[in-house]
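S.K.: There's a structure below that I have some questions on.
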Amino acid sequence: MQIKGIIFTALDTDHDNIESWNRWYDLEHLPPNIAMDEIAGGRRYVAPPELHDIRLPHGDLAQRGFEHGKGVNVTIYLTAVDPAEAIEAMTEFREVLEAAGRMEGAGRRTVRTGDAMDLHWVVGDPALNLDDRDIPYLGHTGIRVVLRHGGDGRAVAERAVEVDGVHGVMSFTSRFFAGLEADIYLLSRSTAETTLATRIAAAYGEDAEIVLDAPFDAITPLDYSFAERIRTSSLPAELDVDEVMQSDP
């Protein structure tokens, strides 16, 4: 299935709720959403402390959703239709899930920021002989998310896929934030080491305003071994009362 775009969301939960919320997400929330006709796939990611240490937040969007240890978790849905249409369908379907009591039991959590984004271009590792439509489905153990205004992201990506552990790059344009583009690098090996190596080998030029440059590990369903590292770190342990919003994508 050829994808049209993505739904990109950053989320947080209380530290004492990490395992419960992730288990609910893996077993009760992600499956019915991925099963929708409008959705072509979905995966979740986490930034434990060692990845927060190399995060580079800048600009308004970073300040709203990713500053001071926020945006620990990211969910990305691949959409088989216009991403705005997919969000509308998911919003309607959420009412069905709520009526069935399937949104209960996830504990305190919040959505930091979200976006519907159109697929712009893809670049794959030339050694893999990929068709463009294959690249969003590449296996990976982590991602690097670069949110930017301006710059020649495709030229950067063509250099980046020469780095060991970078298998492909997808670029998307935002529907919600004017001029914002998201380059998502599909990584293997060490997420941190590959991110740092790629920043050196394939740097963005001065014509690019980098809003966020953040790596995330892919979450293996039902494996939450990262939870204790988060709990024993300086990342915020609890959401403020006015931050809590329980409408997960």
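A note on labels: chains of the structure tokens are A, B, ... as shown, every chain counts residues from 1, and ligands are counted from 1 in their shown order.
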Hey, what's within 6 Å of segment 164-181 of chain A if we count only C-alpha atoms and toss same-chain stuff fewer than 5 positions away? As a list in words, please?
M.R.: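 Non-adjacent residues within range: Ala116, Met117, Asp118, Leu119, His120, Trp121, Val122, Val123, Gly124, Asp125, Leu147, Arg148, His149, Leu186, Leu187, Ser188 and Arg189 of chain A.
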S.K.: Got a sec: who's within 12 Å of Ala214 of chain A, counting only C-alpha atoms, leaving out chain neighbours fewer than 3 positions off, as a PyMOL selection string?
M.R.: chain A and resi 10+45-58+62+66-67+69-74+142-148+182-185+191-192+194-196+199+210-211+217
S.K.: Need the shell around Ala35 of chain A: protein/DNA/RNA residues with any atom at most 12 Å away, counting only C-alpha atoms. Skip same-chain ones fewer than 6 positions apart. Format as a PyMOL selection string?
M.R.: chain A and resi 28-29+41-42+77-80+90+93
S.K.: Let me make sure I understand: among A:Ala218, A:Ala84, A:Val96, A:Val111, which one has the smallest atom-to-atom distance to Gly139 of chain A if we use only C-alpha atoms?
M.R.: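 Counting only C-alpha atoms, the residue closest to Gly139 of chain A is A:Ala218.
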S.K.: Could you give me the residues within segment 84-216 of chain A that DSSP places in strand (DSSP E or B), as an MDAnalysis selection string?
M.R.: chainID A and resid 109:124 142:149 166:174 180:187 209:216
S.K.: Suppose we keep C-alpha atoms; can you now write the selection as a compact mmCIF listing (two decimals), in the first residue's frame?
M.R.:
```
# COMPACT_ATOMS: atom_id res chain seq x y z
CA ARG A 109 -1.31 11.11 30.07
CA THR A 110 -1.23 14.05 27.69
CA VAL A 111 -0.76 14.88 24.03
CA ARG A 112 1.99 17.51 23.72
CA THR A 113 1.67 18.24 20.02
CA GLY A 114 0.28 16.61 16.91
CA ASP A 115 0.26 17.11 13.18
CA ALA A 116 -1.11 15.80 9.91
CA MET A 117 1.70 15.71 7.36
CA ASP A 118 1.80 15.03 3.62
CA LEU A 119 4.51 12.81 2.17
CA HIS A 120 6.92 14.99 0.18
CA TRP A 121 9.82 12.74 -0.82
CA VAL A 122 11.77 9.65 0.24
CA VAL A 123 15.43 8.63 -0.07
CA GLY A 124 16.63 5.08 0.49
CA GLY A 142 15.05 3.94 16.03
CA ILE A 143 14.28 7.22 14.32
CA ARG A 144 15.74 10.69 14.16
CA VAL A 145 13.11 13.42 13.78
CA VAL A 146 14.24 16.72 12.29
CA LEU A 147 11.61 19.46 12.16
CA ARG A 148 12.75 22.39 10.05
CA HIS A 149 11.87 25.45 8.06
CA VAL A 166 20.72 4.96 8.10
CA HIS A 167 18.43 2.92 5.84
CA GLY A 168 16.11 5.63 4.58
CA VAL A 169 14.75 9.14 5.08
CA MET A 170 11.15 10.29 4.61
CA SER A 171 10.16 13.94 4.42
CA PHE A 172 6.72 15.36 5.15
CA THR A 173 5.09 18.79 5.02
CA SER A 174 2.84 20.00 7.83
CA LEU A 180 7.21 23.22 8.62
CA GLU A 181 8.82 20.07 7.22
CA ALA A 182 9.68 16.85 9.04
CA ASP A 183 12.56 14.61 7.96
CA ILE A 184 12.31 11.19 9.59
CA TYR A 185 15.43 9.05 9.47
CA LEU A 186 14.97 5.27 9.80
CA LEU A 187 17.88 3.96 11.87
CA GLU A 209 16.06 26.70 10.56
CA ILE A 210 16.09 23.58 12.73
CA VAL A 211 13.08 23.52 15.04
CA LEU A 212 13.86 20.12 16.57
CA ASP A 213 16.50 17.42 16.08
CA ALA A 214 15.54 14.49 18.30
CA PRO A 215 16.27 10.74 18.29
CA PHE A 216 13.84 8.10 19.57
```
S.K.: Return the single residue from A:Ile219, A:Ile230, A:Ala127, A:Ala201 that is closest to Thr141 of chain A, with distances computed using only C-alpha atoms.
M.R.: A:Ile219
S.K.: DSSP on the backbone, then: every residue of segment 5-204 of chain A marked helix (DSSP H, G or I), written as a ChimeraX atom specification.
M.R.: /A:15-34,49-52,59-65,83-99,126-128,132-137,153-160,191-201
S.K.: Tell me which of A:Ala197, A:Ala208, A:Arg108, A:Pro136 sits closest to Asp12 of chain A, counting only C-alpha atoms.
M.R.: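 Of the candidates, the smallest distance to Asp12 of chain A is held by A:Arg108.
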S.K.: Name all residues at most 9 Å from Arg231 of chain A (count only C-alpha atoms; drop same-chain ones fewer than 6 positions away) and give them as a list of chain:residue names.
M.R.: A:His15, A:Asp16, A:Ile18, A:Ala237
S.K.: Report, in Å with one decimal, the straight-line distance from atom CA of Ile76 of chain A to atom CA of Phe8 of chain A.
M.R.: 4.8 Å
S.K.: Can you tell me how far atom CA of Glu19 of chain A sits from atom CA of Gly105 of chain A, in Å to one decimal?
M.R.: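 About the pair atom CA of Glu19 of chain A and atom CA of Gly105 of chain A: they are 12.0 Å apart.
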S.K.: For each of A:Ser234, A:Thr13, A:Thr220, A:Gln2, take the minimum atom-to-atom distance to Val81 of chain A, counting only C-alpha atoms, then give the residue where this is smallest.
M.R.: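 Using only C-alpha atoms, the shortest distance to Val81 of chain A belongs to A:Gln2.
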S.K.: Give me, as a VMD selection string, all polymer residues having an atom no more than 8 Å from Arg159 of chain A, counting only C-alpha atoms and skipping those fewer than 4 positions away in the same chain.
M.R.: chain A and resid 155 163 201 to 202
S.K.: By how many Å are atom CA of Ile87 of chain A and atom CA of Asp37 of chain A apart?
M.R.: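 Distance between the two atoms: 12.1 Å.
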S.K.: Between A:Asp132, A:Asp60, A:Asp14, A:Glu243, which residue has the minimum interatomic distance to Gly107 of chain A, considering only C-alpha atoms?
M.R.: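 Of all the options, A:Asp14 lies closest to Gly107 of chain A.
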S.K.: Taking only C-alpha atoms into account, name the residue in A:Glu95, A:Glu238, A:Asp26, A:Glu38 that is nearest to Ile3 of chain A.
M.R.: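 The closest residue to Ile3 of chain A is A:Glu38.
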